[in-house]
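Enquirer: Contents are TSV, C-alpha atoms; file name work28.tsv:
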```tsv
chain	number	residue	atom	x	y	z
E	949	MET	CA	0.00	0.00	0.00
E	950	GLU	CA	1.40	3.38	-0.99
E	951	GLN	CA	1.74	6.06	1.63
E	952	HIS	CA	0.88	9.55	0.55
E	953	THR	CA	2.52	12.23	2.59
E	954	LYS	CA	1.80	15.87	2.36
E	955	PRO	CA	4.80	17.77	0.96
E	956	VAL	CA	6.59	19.98	3.47
E	957	ASP	CA	5.98	23.67	2.90
E	958	TYR	CA	9.54	24.85	3.48
E	959	GLN	CA	8.74	28.43	2.48
E	960	SER	CA	6.14	28.73	5.26
E	961	PHE	CA	8.49	27.06	7.73
E	962	PHE	CA	11.31	29.53	7.10
E	963	THR	CA	8.96	32.53	6.84
E	964	ALA	CA	7.51	31.65	10.27
E	965	ALA	CA	11.01	31.28	11.72
E	966	LEU	CA	12.05	34.70	10.36
E	967	ASP	CA	8.80	36.29	11.58
E	968	LYS	CA	9.50	34.90	15.05
E	969	LEU	CA	13.00	36.45	15.03
E	970	HIS	CA	11.49	39.82	14.06
E	971	THR	CA	8.78	39.56	16.76
E	972	GLU	CA	11.37	38.68	19.42
E	973	LYS	CA	13.60	41.55	18.22
E	974	ARG	CA	16.39	39.02	17.56
E	975	TYR	CA	16.60	39.48	13.78
E	976	ARG	CA	20.14	40.64	13.05
E	977	VAL	CA	20.90	43.42	10.63
E	978	PHE	CA	24.59	44.08	10.15
E	979	THR	CA	25.86	47.63	9.87
E	980	ASP	CA	27.56	48.26	6.51
E	981	ILE	CA	30.75	50.18	7.33
E	982	GLU	CA	33.88	51.12	5.46
E	983	ARG	CA	36.98	51.70	7.56
E	984	ILE	CA	39.39	54.24	6.15
E	985	ALA	CA	43.09	53.67	6.86
E	986	GLY	CA	44.60	56.61	8.73
E	987	ASN	CA	41.25	57.79	10.12
E	988	PHE	CA	40.89	55.51	13.16
E	989	PRO	CA	38.38	55.13	14.88
E	990	LYS	CA	36.19	56.77	12.26
E	991	ALA	CA	34.45	54.94	9.41
E	992	ILE	CA	31.87	55.53	6.73
E	993	TRP	CA	28.41	54.10	7.36
E	994	HIS	CA	26.58	52.99	4.21
E	995	THR	CA	22.76	53.03	4.43
E	996	ASP	CA	19.89	53.01	1.94
E	997	GLU	CA	19.66	56.78	2.52
E	998	GLY	CA	23.32	57.43	1.77
E	999	THR	CA	26.54	57.59	3.77
E	1000	CYS	CA	27.72	59.34	6.89
E	1001	GLU	CA	30.78	59.27	9.12
E	1002	LEU	CA	30.65	57.45	12.45
E	1003	VAL	CA	33.03	56.55	15.27
E	1004	ILE	CA	33.45	52.86	16.11
E	1005	TRP	CA	33.97	52.28	19.82
E	1006	CYS	CA	33.44	48.50	19.78
E	1007	SER	CA	36.44	47.33	17.81
E	1008	ASN	CA	38.94	44.65	18.76
E	1009	ASP	CA	41.59	46.90	17.16
E	1010	TYR	CA	41.91	48.81	20.43
E	1011	LEU	CA	44.97	50.82	19.50
E	1012	GLY	CA	44.20	51.26	15.82
E	1013	MET	CA	47.26	49.19	14.88
E	1014	GLY	CA	45.29	47.65	12.02
E	1015	GLN	CA	45.65	51.03	10.31
E	1016	HIS	CA	49.24	51.78	11.28
E	1017	PRO	CA	51.43	52.22	8.18
E	1018	ALA	CA	54.05	49.72	9.44
E	1019	VAL	CA	51.36	47.07	9.99
E	1020	ILE	CA	49.78	47.72	6.59
E	1021	ASN	CA	53.21	47.52	4.91
E	1022	ALA	CA	54.03	44.25	6.71
E	1023	MET	CA	50.69	42.75	5.69
E	1024	THR	CA	51.13	43.89	2.10
E	1025	GLU	CA	54.62	42.38	1.94
E	1026	ALA	CA	53.37	39.13	3.50
E	1027	ALA	CA	50.46	38.92	1.01
E	1028	GLN	CA	52.83	39.54	-1.90
E	1029	ARG	CA	55.25	36.90	-0.64
E	1030	HIS	CA	52.81	34.21	0.54
E	1031	GLY	CA	49.51	35.02	-1.18
E	1032	THR	CA	46.24	35.49	0.66
E	1033	GLY	CA	44.15	32.98	2.55
E	1034	ALA	CA	45.27	30.11	4.71
E	1035	GLY	CA	44.37	27.44	2.17
E	1036	GLY	CA	42.72	25.39	4.89
E	1037	THR	CA	42.95	24.61	8.57
E	1038	ARG	CA	46.27	23.73	10.18
E	1039	ASN	CA	45.39	20.08	10.63
E	1040	ILE	CA	44.58	19.75	6.91
E	1041	SER	CA	46.97	22.04	5.05
E	1042	GLY	CA	49.75	22.53	7.58
E	1043	ASN	CA	50.99	25.35	9.78
E	1044	SER	CA	51.95	28.64	8.22
E	1045	HIS	CA	55.59	29.30	9.03
E	1046	ALA	CA	54.69	32.92	9.87
E	1047	ILE	CA	52.23	31.69	12.51
E	1048	VAL	CA	54.77	29.21	13.89
E	1049	THR	CA	57.23	32.11	14.23
E	1050	LEU	CA	54.59	34.34	15.83
E	1051	GLU	CA	53.72	31.63	18.37
E	1052	ALA	CA	57.41	31.22	19.26
E	1053	GLU	CA	57.76	34.99	19.75
E	1054	LEU	CA	54.62	35.12	21.92
E	1055	ALA	CA	55.83	32.20	24.05
E	1056	ASP	CA	59.19	33.91	24.50
E	1057	LEU	CA	57.53	37.24	25.34
E	1058	HIS	CA	55.51	35.57	28.12
E	1059	ASN	CA	58.28	33.19	29.27
E	1060	LYS	CA	56.21	30.13	28.33
E	1061	GLU	CA	57.14	26.85	26.69
E	1062	ALA	CA	54.73	27.40	23.79
E	1063	ALA	CA	51.90	29.59	22.55
E	1064	LEU	CA	48.92	28.93	20.33
E	1065	VAL	CA	47.35	31.52	18.03
E	1066	PHE	CA	43.61	31.22	17.34
E	1067	THR	CA	41.66	32.82	14.51
E	1068	SER	CA	39.62	34.94	16.94
E	1069	GLY	CA	38.88	35.55	20.59
E	1070	TYR	CA	35.60	33.69	20.07
E	1071	VAL	CA	37.37	30.54	18.87
E	1072	SER	CA	39.94	30.87	21.64
E	1073	ASN	CA	37.23	30.90	24.34
E	1074	GLN	CA	35.14	28.22	22.69
E	1075	THR	CA	38.03	25.83	22.15
E	1076	GLY	CA	40.05	26.61	25.26
E	1077	ILE	CA	37.17	26.20	27.71
E	1078	SER	CA	35.82	23.02	26.14
E	1079	THR	CA	39.24	21.38	25.81
E	1080	ILE	CA	40.54	22.20	29.29
E	1081	ALA	CA	37.25	21.40	31.04
E	1082	ARG	CA	37.04	17.98	29.35
E	1083	LEU	CA	40.47	17.11	30.77
E	1084	ILE	CA	39.48	17.80	34.40
E	1085	PRO	CA	37.77	14.85	36.09
E	1086	ASP	CA	34.27	15.65	37.45
E	1087	CYS	CA	34.60	19.26	36.32
E	1088	ILE	CA	31.73	21.56	37.24
E	1089	ILE	CA	31.73	24.93	35.52
E	1090	LEU	CA	30.23	27.95	37.28
E	1091	SER	CA	29.23	30.45	34.64
E	1092	ASP	CA	27.93	34.03	34.76
E	1093	ALA	CA	24.41	34.27	33.33
E	1094	CYS	CA	25.55	36.99	30.92
E	1095	ASN	CA	28.72	35.36	29.63
E	1096	HIS	CA	29.66	35.97	26.01
E	1097	ASN	CA	28.33	33.34	23.62
E	1098	SER	CA	31.89	32.13	22.96
E	1099	MET	CA	32.17	31.11	26.61
E	1100	ILE	CA	28.67	29.60	26.68
E	1101	GLU	CA	29.56	27.48	23.63
E	1102	GLY	CA	32.84	26.40	25.23
E	1103	VAL	CA	30.99	25.29	28.36
E	1104	ARG	CA	28.31	23.51	26.30
E	1105	GLN	CA	30.86	21.71	24.12
E	1106	SER	CA	32.83	20.57	27.17
E	1107	GLY	CA	29.99	18.27	28.15
E	1108	CYS	CA	30.67	19.14	31.79
E	1109	GLU	CA	28.09	19.92	34.40
E	1110	LYS	CA	27.39	23.65	34.55
E	1111	VAL	CA	25.92	25.89	37.19
E	1112	ILE	CA	24.79	29.40	36.26
E	1113	PHE	CA	25.05	32.28	38.72
E	1114	ARG	CA	23.25	35.61	38.41
E	1115	HIS	CA	25.21	38.21	36.43
E	1116	ASN	CA	27.98	39.78	38.51
E	1117	ASP	CA	26.32	38.47	41.70
E	1118	LEU	CA	29.23	37.41	43.91
E	1119	GLU	CA	26.92	36.49	46.79
E	1120	HIS	CA	25.02	34.09	44.55
E	1121	LEU	CA	28.30	32.65	43.28
E	1122	GLU	CA	29.58	32.18	46.85
E	1123	GLU	CA	26.29	30.46	47.82
E	1124	LEU	CA	26.63	28.07	44.88
E	1125	LEU	CA	30.28	27.36	45.70
E	1126	LYS	CA	29.38	26.51	49.31
E	1127	ASN	CA	26.88	23.95	48.02
E	1128	MET	CA	29.40	22.20	45.74
E	1129	PRO	CA	30.22	18.56	46.52
E	1130	ALA	CA	32.86	17.99	49.22
E	1131	GLY	CA	36.40	18.40	47.99
E	1132	LEU	CA	35.47	20.79	45.20
E	1133	ASN	CA	35.09	24.00	47.19
```
Show me, as structure tokens, the structure contained in the file I just sent.
Expert:
Amino acid sequence: MEQHTKPVDYQSFFTAALDKLHTEKRYRVFTDIERIAGNFPKAIWHTDEGTCELVIWCSNDYLGMGQHPAVINAMTEAAQRHGTGAGGTRNISGNSHAIVTLEAELADLHNKEAALVFTSGYVSNQTGISTIARLIPDCIILSDACNHNSMIEGVRQSGCEKVIFRHNDLEHLEELLKNMPAGLN
């Protein structure tokens, strides 16, 4: 006997999901900006109505070194010498010698045996937390309720037990620590 199933209406499914994001005010719209070298921290904001200048206070380029002539020249020389793009992840296409050298310099700077460069702070948190926590037997992670998503993902991917304390509430954290199993507090 043939089974007849109603075809899935994918358009309605995705439209409803997008509508929900809009209703919850979680629909993301990314600001279209153009940074201008030598004009840090200012940028040009591109909108449907035209352009205007704005100041960016939320950059990870805290000192504006991404626009420093020496940094731009070094990047240009590196791109001309090595090309652009990594060509793949380290475990697939190998380590870039420039990154190996950078890691050695960072380790030396901090008097450490080795250093590891990540592609972003997000990946560093995500990978570092999950990897280290997985190595600790019976690890319980106490996490601030307003942690950055990179930390939340690291905790989640660790597979460890987690306990959430109210944002910046040291009394709540202390209460939770006192109730930890014997030998952990």
Enquirer: Write out as a list in words each polymer residue whose atoms come within 10 Å of Lys1110 (chain E), counting only C-alpha atoms; drop sequence neighbours fewer than 2 positions from it.
Expert: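 Those residues are Cys1087, Ile1088, Ile1089, Leu1090, Ser1091, Ile1100, Val1103, Arg1104, Ser1106, Gly1107, Cys1108, Ile1112 and Phe1113 of chain E.
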Enquirer: Please provide the set of residues having any atom within 12 Å of Gly998 (chain E), restricted to all atoms listed in the file, with same-chain residues fewer than 4 positions apart removed, written as a PDB file with C-alpha atoms, in the frame of the given file.
Expert:
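Output saved as part_1.pdb:
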```pdb
ATOM      1  CA  ASP E 980      27.560  48.260   6.510  1.00  0.00           C
ATOM      2  CA  ILE E 981      30.750  50.180   7.330  1.00  0.00           C
ATOM      3  CA  ILE E 992      31.870  55.530   6.730  1.00  0.00           C
ATOM      4  CA  TRP E 993      28.410  54.100   7.360  1.00  0.00           C
ATOM      5  CA  HIS E 994      26.580  52.990   4.210  1.00  0.00           C
TER       6      HIS E 994
END
```
Enquirer: Point out the residue among E:Pro955, E:Gly1076, E:Gly1014, E:Gly1031 with the least atom-to-atom distance to Glu1101 (chain E), counting only C-alpha atoms.
Expert: E:Gly1076
Enquirer: Would you please work out which residue, of E:His1016, E:His1120, E:His970, E:Lys954, is nearest to Ile984 (chain E) when using only C-alpha atoms?
Expert: E:His1016
Enquirer: Set the distance at 10 Å and use only C-alpha atoms: which residues neighbour Ala985 (chain E) once local chain neighbours fewer than 4 positions away are removed? I'd like the list as a PyMOL selection string.
Expert: chain E and resi 989-991+1012+1014-1017+1020
Enquirer: Could you save those same residues with C-alpha atoms as a tab-separated table (two decimals), in the frame of the given file?
Expert:
```
chain	number	residue	atom	x	y	z
E	989	PRO	CA	38.38	55.13	14.88
E	990	LYS	CA	36.19	56.77	12.26
E	991	ALA	CA	34.45	54.94	9.41
E	1012	GLY	CA	44.20	51.26	15.82
E	1014	GLY	CA	45.29	47.65	12.02
E	1015	GLN	CA	45.65	51.03	10.31
E	1016	HIS	CA	49.24	51.78	11.28
E	1017	PRO	CA	51.43	52.22	8.18
E	1020	ILE	CA	49.78	47.72	6.59
```
Enquirer: To one decimal in Å, tell me the separation between CA of Glu1119 (chain E) and CA of Met1099 (chain E).
Expert: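 Value for the CA of Glu1119 (chain E)-CA of Met1099 (chain E) distance: 21.5 Å.
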Enquirer: If you measure from CA of His1030 (chain E) to CA of Ala1018 (chain E), what distance in Å do you get, rounded to one decimal?
Expert: 17.9 Å
Enquirer: What is the distance, in Å and to one decimal place, between CA of Glu997 (chain E) and CA of Arg983 (chain E)?
Expert: 18.7 Å
Enquirer: Calculated over all atoms listed in the file, which of the candidates E:Tyr1070, E:Asn1021, E:Ala1081, E:Leu1064 has the smallest distance to Asn1043 (chain E)?
Expert: E:Leu1064
Enquirer: Which residue, E:Ser1041, E:Gln1105, E:Gln951, E:Thr999, has the smallest gap to Ser1078 (chain E) when you use only C-alpha atoms?
Expert: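 Using only C-alpha atoms, Ser1078 (chain E) sits closest to E:Gln1105.
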Enquirer: List as a ChimeraX atom specification the protein and nucleic acid residues near Leu966 (chain E), meaning an atom at most 9 Å away when all atoms listed in the file are counted, but skip any in the same chain fewer than 5 places from it.
Expert: /E:961,971,975
Enquirer: Using C-alpha atoms, can you export the residues from the last selection as a short mmCIF file (atom, residue, chain, number, x, y, z; two decimals), in the frame of the given file?
Expert:
```cif
data_model
loop_
_atom_site.label_atom_id
_atom_site.label_comp_id
_atom_site.auth_asym_id
_atom_site.auth_seq_id
_atom_site.Cartn_x
_atom_site.Cartn_y
_atom_site.Cartn_z
CA PHE E 961 8.49 27.06 7.73
CA THR E 971 8.78 39.56 16.76
CA TYR E 975 16.60 39.48 13.78
#
```
